[in-house]
file my_file_2.cif (mmCIF, C-alpha atoms)
data_start
loop_
_atom_site.label_atom_id
_atom_site.label_comp_id
_atom_site.auth_asym_id
_atom_site.auth_seq_id
_atom_site.Cartn_x
_atom_site.Cartn_y
_atom_site.Cartn_z
CA MET A 554 -4.19 28.18 5.86
CA ALA A 555 -5.31 24.93 7.35
CA VAL A 556 -4.20 21.42 8.14
CA THR A 557 -6.02 18.64 6.29
CA ILE A 558 -6.82 15.54 8.32
CA ARG A 559 -7.68 12.31 6.46
CA PHE A 560 -8.91 8.91 7.61
CA PHE A 561 -8.85 5.62 5.69
CA ALA A 562 -10.47 2.20 5.61
CA SER A 563 -12.06 0.82 8.81
CA LEU A 564 -11.06 3.91 10.78
CA LYS A 565 -12.88 6.16 8.31
CA GLU A 566 -16.00 3.99 8.56
CA ARG A 567 -15.91 3.67 12.34
CA LEU A 568 -15.43 7.39 12.96
CA GLY A 569 -17.70 8.45 10.12
CA VAL A 570 -15.13 11.01 8.92
CA GLU A 571 -13.22 10.96 5.65
CA HIS A 572 -11.44 14.27 5.85
CA ARG A 573 -11.55 17.50 7.79
CA GLU A 574 -9.78 20.82 7.61
CA ILE A 575 -8.72 22.42 10.86
CA ASP A 576 -7.11 25.73 11.76
CA ALA A 577 -3.34 25.22 11.85
CA ALA A 578 -3.05 27.58 14.79
CA ALA A 579 -5.17 25.25 16.90
CA VAL A 580 -2.75 22.30 16.74
CA ASN A 581 0.92 21.67 17.40
CA THR A 582 1.48 17.94 16.79
CA VAL A 583 -0.26 15.17 14.86
CA SER A 584 -1.69 13.95 18.20
CA ASP A 585 -3.37 17.34 18.55
CA ALA A 586 -4.77 16.92 15.05
CA TRP A 587 -6.37 13.62 16.08
CA ARG A 588 -7.88 15.20 19.21
CA ALA A 589 -9.21 18.14 17.20
CA VAL A 590 -11.34 15.77 15.10
CA VAL A 591 -11.92 12.80 17.42
CA ALA A 592 -12.74 14.39 20.73
CA ASP A 593 -14.07 11.35 22.56
CA GLU A 594 -11.35 8.75 21.84
CA GLU A 595 -7.60 8.62 22.45
CA LEU A 596 -5.38 7.90 19.44
CA PRO A 597 -5.23 4.05 19.34
CA ASP A 598 -1.74 2.50 19.61
CA ASN A 599 -2.13 0.50 16.41
CA VAL A 600 -3.20 3.43 14.22
CA LEU A 601 -0.57 4.42 11.65
CA ILE A 602 0.13 8.09 10.97
CA ALA A 603 1.38 9.82 7.84
CA LEU A 604 2.42 13.47 7.50
CA ASN A 605 2.58 14.72 3.91
CA LEU A 606 2.59 11.11 2.61
CA GLU A 607 5.41 9.87 4.92
CA TYR A 608 5.08 7.72 8.05
CA VAL A 609 5.69 9.72 11.23
CA ALA A 610 5.36 9.35 15.01
CA ALA A 611 2.50 10.99 16.92
CA ASP A 612 4.68 13.77 18.34
CA ARG A 613 5.65 15.25 14.96
CA VAL A 614 4.89 18.96 14.64
CA VAL A 615 2.41 20.05 11.96
CA LYS A 616 2.23 23.36 10.15
CA ASP A 617 0.06 25.29 7.70
CA GLY A 618 -0.74 23.35 4.54
CA ASP A 619 0.20 19.94 5.95
CA GLU A 620 -1.81 16.79 5.33
CA VAL A 621 -2.10 14.36 8.24
CA ALA A 622 -3.54 10.88 7.69
CA PHE A 623 -4.63 8.26 10.19
CA PHE A 624 -5.23 4.65 9.14
CA PRO A 625 -5.38 1.09 10.46
CA PRO A 626 -2.68 -1.57 9.93
CA VAL A 627 -2.19 -2.14 6.21
CA THR A 628 -3.32 -5.32 4.45
CA GLY A 629 -2.19 -5.08 0.83
CA GLY A 630 -0.54 -7.64 -1.38
CA MET B 317 7.43 3.65 -14.91
CA HIS B 318 8.18 1.20 -12.08
CA VAL B 319 4.95 1.49 -10.06
CA ARG B 320 1.45 1.03 -11.41
CA ILE B 321 -1.83 1.11 -9.50
CA VAL B 322 -4.57 -0.42 -11.64
CA GLU B 323 -8.33 -0.25 -11.08
CA GLY B 324 -9.40 -3.06 -13.39
CA ARG B 325 -8.37 -6.68 -13.88
CA PHE B 326 -4.80 -6.98 -15.13
CA ASP B 327 -2.74 -9.74 -16.72
CA PRO B 328 0.61 -9.92 -14.86
CA TRP B 329 2.29 -11.93 -17.62
CA ALA B 330 1.27 -9.44 -20.31
CA MET B 331 2.56 -6.62 -18.11
CA LEU B 332 5.89 -8.41 -17.68
CA ALA B 333 6.20 -8.87 -21.43
CA GLU B 334 5.27 -5.25 -22.05
CA HIS B 335 7.79 -4.03 -19.48
CA GLU B 336 10.61 -6.10 -20.95
CA SER B 337 9.82 -4.92 -24.46
CA THR B 338 9.67 -1.23 -23.60
CA HIS B 339 12.52 -0.84 -21.07
CA SER B 340 15.93 -0.78 -22.66
CA THR B 341 17.52 -1.25 -19.23
CA VAL B 342 16.20 -4.81 -19.21
CA SER B 343 17.54 -5.95 -22.53
CA GLY B 344 20.61 -8.12 -22.41
CA ASN B 345 22.13 -6.99 -19.12
CA PHE B 346 20.41 -9.38 -16.76
CA GLY B 347 20.75 -13.09 -16.05
CA ALA B 348 17.91 -13.50 -13.59
CA THR B 349 14.28 -12.45 -13.32
CA ALA B 350 12.28 -13.17 -10.16
CA THR B 351 8.55 -12.56 -10.07
CA PHE B 352 5.83 -12.80 -7.46
CA VAL B 353 2.13 -12.78 -8.32
CA GLY B 354 -0.44 -12.58 -5.53
CA THR B 355 -3.94 -13.78 -6.36
CA MET B 356 -7.26 -13.35 -4.55
CA ARG B 357 -8.39 -16.47 -2.65
CA ASP B 358 -12.03 -17.53 -2.28
CA PHE B 359 -11.56 -18.34 1.43
CA SER B 360 -10.31 -16.38 4.42
CA ASP B 361 -10.25 -17.49 8.07
CA GLY B 362 -12.44 -20.46 7.20
CA VAL B 363 -15.25 -18.65 5.39
CA THR B 364 -16.07 -18.15 1.72
CA VAL B 365 -15.26 -14.76 0.27
CA SER B 366 -17.29 -13.74 -2.77
CA SER B 367 -15.42 -10.56 -3.67
CA MET B 368 -12.97 -8.12 -2.18
CA THR B 369 -12.45 -4.36 -2.33
CA LEU B 370 -9.02 -2.80 -1.97
CA GLU B 371 -8.70 0.78 -0.77
CA TYR B 372 -5.47 2.77 -1.02
CA TYR B 373 -4.06 6.21 -0.26
CA PRO B 374 -3.56 7.89 -3.65
CA GLY B 375 -0.24 9.70 -3.61
CA MET B 376 1.24 8.01 -0.56
CA THR B 377 0.85 4.46 -1.85
CA GLU B 378 2.69 5.17 -5.12
CA LYS B 379 5.33 7.19 -3.29
CA HIS B 380 5.94 4.43 -0.76
CA LEU B 381 6.21 1.73 -3.42
CA GLN B 382 8.54 3.90 -5.50
CA GLU B 383 10.79 4.44 -2.48
CA ILE B 384 10.97 0.78 -1.46
CA GLY B 385 11.55 -0.29 -5.05
CA ALA B 386 14.31 2.24 -5.60
CA ALA B 387 16.00 1.44 -2.26
CA THR B 388 15.88 -2.31 -2.95
CA ALA B 389 17.18 -1.81 -6.48
CA GLN B 390 20.13 0.14 -5.12
CA ALA B 391 20.82 -2.32 -2.30
CA HIS B 392 20.89 -5.31 -4.65
CA ASP B 393 22.19 -3.62 -7.79
CA LEU B 394 19.07 -4.54 -9.79
CA ALA B 395 18.91 -3.93 -13.54
CA ASP B 396 15.23 -3.08 -13.23
CA TRP B 397 12.12 -3.63 -11.14
CA LEU B 398 8.33 -3.38 -11.46
CA ILE B 399 5.48 -3.26 -8.96
CA VAL B 400 1.83 -3.48 -10.08
CA HIS B 401 -1.03 -3.47 -7.55
CA ARG B 402 -4.76 -3.78 -8.12
CA VAL B 403 -7.28 -1.59 -6.29
CA GLY B 404 -11.08 -1.47 -6.31
CA THR B 405 -13.38 -4.48 -6.33
CA MET B 406 -12.10 -7.87 -7.50
CA GLN B 407 -13.16 -11.51 -7.71
CA PRO B 408 -11.50 -14.75 -6.53
CA GLY B 409 -8.77 -15.74 -8.97
CA ASP B 410 -7.99 -12.16 -9.94
CA PRO B 411 -4.33 -11.12 -9.67
CA ILE B 412 -3.80 -8.57 -6.87
CA VAL B 413 -0.10 -7.83 -7.04
CA LEU B 414 2.90 -8.34 -9.31
CA VAL B 415 6.47 -7.77 -8.18
CA ALA B 416 9.25 -8.41 -10.71
CA VAL B 417 12.96 -7.76 -10.46
CA TRP B 418 15.78 -8.16 -12.96
CA SER B 419 19.38 -8.67 -11.88
CA ALA B 420 22.68 -10.12 -13.04
CA HIS B 421 22.41 -13.23 -10.83
CA ARG B 422 19.67 -15.23 -9.12
CA ALA B 423 20.59 -14.58 -5.47
CA ALA B 424 19.93 -10.84 -5.75
CA ALA B 425 16.75 -11.46 -7.75
CA PHE B 426 15.20 -13.87 -5.22
CA THR B 427 16.19 -11.70 -2.25
CA ALA B 428 15.08 -8.39 -3.75
CA CYS B 429 11.70 -9.77 -4.89
CA ARG B 430 11.04 -11.12 -1.40
CA GLU B 431 12.14 -7.90 0.30
CA ILE B 432 9.89 -5.72 -1.86
CA MET B 433 6.94 -8.03 -1.29
CA GLU B 434 7.44 -8.19 2.49
CA ASP B 435 7.69 -4.39 2.76
CA LEU B 436 4.61 -3.99 0.58
CA LYS B 437 2.64 -6.33 2.88
CA ALA B 438 3.88 -4.64 6.05
CA ARG B 439 4.02 -0.95 5.11
CA ALA B 440 2.32 0.00 1.83
CA PRO B 441 -1.03 1.77 2.44
CA PHE B 442 -3.61 -0.70 1.12
CA TRP B 443 -6.62 -2.08 2.97
CA LYS B 444 -8.71 -5.12 2.09
CA LYS B 445 -12.43 -5.40 2.72
CA GLU B 446 -13.98 -8.82 2.11
CA GLN B 447 -17.53 -9.39 0.95
CA LEU B 448 -18.92 -12.52 2.63
CA ALA B 449 -22.29 -14.20 2.12
CA ASP B 450 -24.01 -12.20 4.86
CA ARG B 451 -21.79 -9.19 5.53
CA ASP B 452 -18.65 -7.23 4.72
CA ARG B 453 -15.56 -7.24 6.91
CA TRP B 454 -12.25 -5.40 6.94
CA VAL B 455 -9.18 -7.62 6.98
CA GLU B 456 -7.44 -6.78 10.26
CA HIS B 457 -3.99 -8.17 9.49
CA ASN B 458 -2.12 -10.01 6.76
CA THR B 459 -1.27 -13.68 7.16
CA PRO B 460 2.35 -14.49 7.96
CA GLY B 461 4.37 -15.26 4.85
#
call {"tool": "encode", "arguments": {"input": "my_file_2.cif", "output": "structure tokens"}}
result
Amino acid sequence: MAVTIRFFASLKERLGVEHREIDAAAVNTVSDAWRAVVADEELPDNVLIALNLEYVAADRVVKDGDEVAFFPPVTGG
Amino acid sequence: MHVRIVEGRFDPWAMLAEHESTHSTVSGNFGATATFVGTMRDFSDGVTVSSMTLEYYPGMTEKHLQEIGAATAQAHDLADWLIVHRVGTMQPGDPIVLVAVWSAHRAAAFTACREIMEDLKARAPFWKKEQLADRDRWVEHNTPG
């Protein structure tokens, strides 16, 4: 099984990545998931993180089948 | 259904009427209805905006709106509530968002409508991209209320 990593909005455009699947064994936390896809940039402080459609902090542990999403501050309404 | 994400232009007043006519929970047991309708402007930070595209996170956006609506309904003992949000490309003057709440008295209605709207602006996964005369730009932050 794998962990699905998704990016949205300006972050998706800037990084040039919409989604990526990574080996679950290669990552422990959502921070690791970021580093597995974005090797040359630290996770920015203002980036929001969701794990399985719920907001989480960067130190949350991920497991097989999880979906991790990274996105910029929201601007709806 | 309390949460609707719509891709095309929608009429908030028709949706309100439809909701009231099809939800038995809203008939007769409320004394107050508060509504908020957000509409696309043709200016932003001093420049003209010709159109705007709204991206969202299918699955998470609906889930988040459902949770905030349900929590607010419980906190303020609402009779009913409705959140409608547009996504995709829209033009100035188009409605973007409708929040409506039904309650026994006005205080709960005003407060609950405001609380849902403020959470939506601060936490619901939507992102605006504006089309200007010479370029596109992502909106970096919402304006203060």
call {"tool": "residues_near_point", "arguments": {"input": "my_file_2.cif", "point": "(-14.4, -2.7, 7.0)", "cutoff": "8 Å", "atoms": "only C-alpha atoms", "output": "list of chain:residue names"}}
result
A:Ala562, A:Ser563, A:Glu566, B:Lys444, B:Lys445, B:Glu446, B:Asp452, B:Arg453, B:Trp454, B:Val455
call {"tool": "atom_distance", "arguments": {"input": "my_file_2.cif", "atom1": "CA of Leu604 in chain A", "atom2": "CA of Glu371 in chain B"}}
result
18.8 Å
call {"tool": "resolve_selection", "arguments": {"input": "my_file_2.cif", "expression": "the PyMOL selection byres ((chain A) within 12 of (chain B))", "output": "PyMOL selection string"}}
result
chain A and resi 559-567+571+599-608+620-630
call {"tool": "axis_aligned_box", "arguments": {"input": "my_file_2.cif", "around": "range 419-434 of chain B", "padding_each_side": "5 Å", "output": "lines of an AutoDock Vina configuration file"}}
result
center_x = 14.8
center_y = -10.5
center_z = -5.3
size_x = 25.7
size_y = 19.5
size_z = 25.5
call {"tool": "atom_distance", "arguments": {"input": "my_file_2.cif", "atom1": "CA of Leu332 in chain B", "atom2": "CA of Leu398 in chain B"}}
result
8.4 Å
call {"tool": "residues_near_point", "arguments": {"input": "my_file_2.cif", "point": "(-7.0, 24.4, 12.7)", "cutoff": "10 Å", "atoms": "all atoms listed in the file", "output": "PyMOL selection string"}}
result
chain A and resi 554-558+573-581+585-586+589-590+616-617
call {"tool": "closest_residue", "arguments": {"input": "my_file_2.cif", "among": "B:Asp410, B:Glu323, B:Asp396, B:Glu431", "to": "Ser367 in chain B", "atoms": "only C-alpha atoms"}}
result
B:Asp410
call {"tool": "residues_around", "arguments": {"input": "my_file_2.cif", "residues": "His339 in chain B", "least_positions_apart": "6", "cutoff": "12 Å", "atoms": "only C-alpha atoms", "output": "PyMOL selection string"}}
result
chain B and resi 317-318+331-333+345+395-398+418
call {"tool": "resolve_selection", "arguments": {"input": "my_file_2.cif", "expression": "the PyMOL selection byres ((chain B and resi 420) around 10)", "output": "PDB file with C-alpha atoms, in the coordinates of the input"}}
result
ATOM      1  CA  GLY B 344      20.610  -8.120 -22.410  1.00  0.00           C
ATOM      2  CA  ASN B 345      22.130  -6.990 -19.120  1.00  0.00           C
ATOM      3  CA  PHE B 346      20.410  -9.380 -16.760  1.00  0.00           C
ATOM      4  CA  GLY B 347      20.750 -13.090 -16.050  1.00  0.00           C
ATOM      5  CA  ALA B 348      17.910 -13.500 -13.590  1.00  0.00           C
ATOM      6  CA  THR B 349      14.280 -12.450 -13.320  1.00  0.00           C
ATOM      7  CA  HIS B 392      20.890  -5.310  -4.650  1.00  0.00           C
ATOM      8  CA  ASP B 393      22.190  -3.620  -7.790  1.00  0.00           C
ATOM      9  CA  LEU B 394      19.070  -4.540  -9.790  1.00  0.00           C
ATOM     10  CA  ALA B 395      18.910  -3.930 -13.540  1.00  0.00           C
ATOM     11  CA  TRP B 418      15.780  -8.160 -12.960  1.00  0.00           C
ATOM     12  CA  SER B 419      19.380  -8.670 -11.880  1.00  0.00           C
ATOM     13  CA  HIS B 421      22.410 -13.230 -10.830  1.00  0.00           C
ATOM     14  CA  ARG B 422      19.670 -15.230  -9.120  1.00  0.00           C
ATOM     15  CA  ALA B 423      20.590 -14.580  -5.470  1.00  0.00           C
ATOM     16  CA  ALA B 424      19.930 -10.840  -5.750  1.00  0.00           C
ATOM     17  CA  ALA B 425      16.750 -11.460  -7.750  1.00  0.00           C
TER      18      ALA B 425
END
call {"tool": "atom_distance", "arguments": {"input": "my_file_2.cif", "atom1": "CA of Ile384 in chain B", "atom2": "CA of Ile432 in chain B"}}
result
6.6 Å
call {"tool": "residues_around", "arguments": {"input": "my_file_2.cif", "residues": "Arg357 in chain B", "least_positions_apart": "4", "cutoff": "10 Å", "atoms": "all atoms listed in the file", "output": "ChimeraX atom specification"}}
result
/B:364-368,407-411
call {"tool": "build_atoms", "arguments": {"input": "my_file_2.cif", "residues": "range 388-409 of chain B", "atoms": "N, CA and C atoms", "output": "compact mmCIF listing (two decimals), in the frame of the given file"}}
result
# COMPACT_ATOMS: atom_id res chain seq x y z
N THR B 388 15.52 -0.90 -2.76
CA THR B 388 15.88 -2.31 -2.95
C THR B 388 16.73 -2.48 -4.20
N ALA B 389 16.40 -1.74 -5.24
CA ALA B 389 17.18 -1.81 -6.48
C ALA B 389 18.62 -1.38 -6.23
N GLN B 390 18.77 -0.33 -5.42
CA GLN B 390 20.13 0.14 -5.12
C GLN B 390 20.88 -0.86 -4.24
N ALA B 391 20.17 -1.39 -3.24
CA ALA B 391 20.82 -2.32 -2.30
C ALA B 391 21.30 -3.59 -2.99
N HIS B 392 20.56 -4.03 -4.01
CA HIS B 392 20.89 -5.31 -4.65
C HIS B 392 21.37 -5.14 -6.09
N ASP B 393 21.65 -3.91 -6.46
CA ASP B 393 22.19 -3.62 -7.79
C ASP B 393 21.31 -4.23 -8.90
N LEU B 394 20.01 -3.98 -8.81
CA LEU B 394 19.07 -4.54 -9.79
C LEU B 394 19.21 -3.81 -11.13
N ALA B 395 18.96 -4.54 -12.21
CA ALA B 395 18.91 -3.93 -13.54
C ALA B 395 17.60 -3.18 -13.73
N ASP B 396 16.53 -3.72 -13.13
CA ASP B 396 15.23 -3.08 -13.23
C ASP B 396 14.27 -3.72 -12.23
N TRP B 397 13.13 -3.09 -12.05
CA TRP B 397 12.12 -3.63 -11.14
C TRP B 397 10.76 -3.08 -11.53
N LEU B 398 9.70 -3.77 -11.12
CA LEU B 398 8.33 -3.38 -11.46
C LEU B 398 7.39 -3.83 -10.35
N ILE B 399 6.52 -2.92 -9.93
CA ILE B 399 5.48 -3.26 -8.96
C ILE B 399 4.13 -2.83 -9.53
N VAL B 400 3.19 -3.78 -9.62
CA VAL B 400 1.83 -3.48 -10.08
C VAL B 400 0.88 -3.94 -8.98
N HIS B 401 -0.07 -3.09 -8.60
CA HIS B 401 -1.03 -3.47 -7.55
C HIS B 401 -2.43 -3.08 -7.97
N ARG B 402 -3.35 -4.01 -7.81
CA ARG B 402 -4.76 -3.78 -8.12
C ARG B 402 -5.44 -3.05 -6.98
N VAL B 403 -6.39 -2.18 -7.30
CA VAL B 403 -7.28 -1.59 -6.29
C VAL B 403 -8.72 -1.70 -6.80
N GLY B 404 -9.67 -1.36 -5.93
CA GLY B 404 -11.08 -1.47 -6.31
C GLY B 404 -11.61 -2.86 -5.99
N THR B 405 -12.71 -3.22 -6.64
CA THR B 405 -13.38 -4.48 -6.33
C THR B 405 -12.92 -5.59 -7.28
N MET B 406 -12.61 -6.75 -6.70
CA MET B 406 -12.10 -7.87 -7.50
C MET B 406 -12.75 -9.18 -7.08
N GLN B 407 -12.54 -10.20 -7.91
CA GLN B 407 -13.16 -11.51 -7.71
C GLN B 407 -12.08 -12.56 -7.41
N PRO B 408 -12.47 -13.68 -6.76
CA PRO B 408 -11.50 -14.75 -6.53
C PRO B 408 -10.83 -15.17 -7.84
N GLY B 409 -9.53 -15.39 -7.78
CA GLY B 409 -8.77 -15.74 -8.97
C GLY B 409 -8.13 -14.56 -9.65
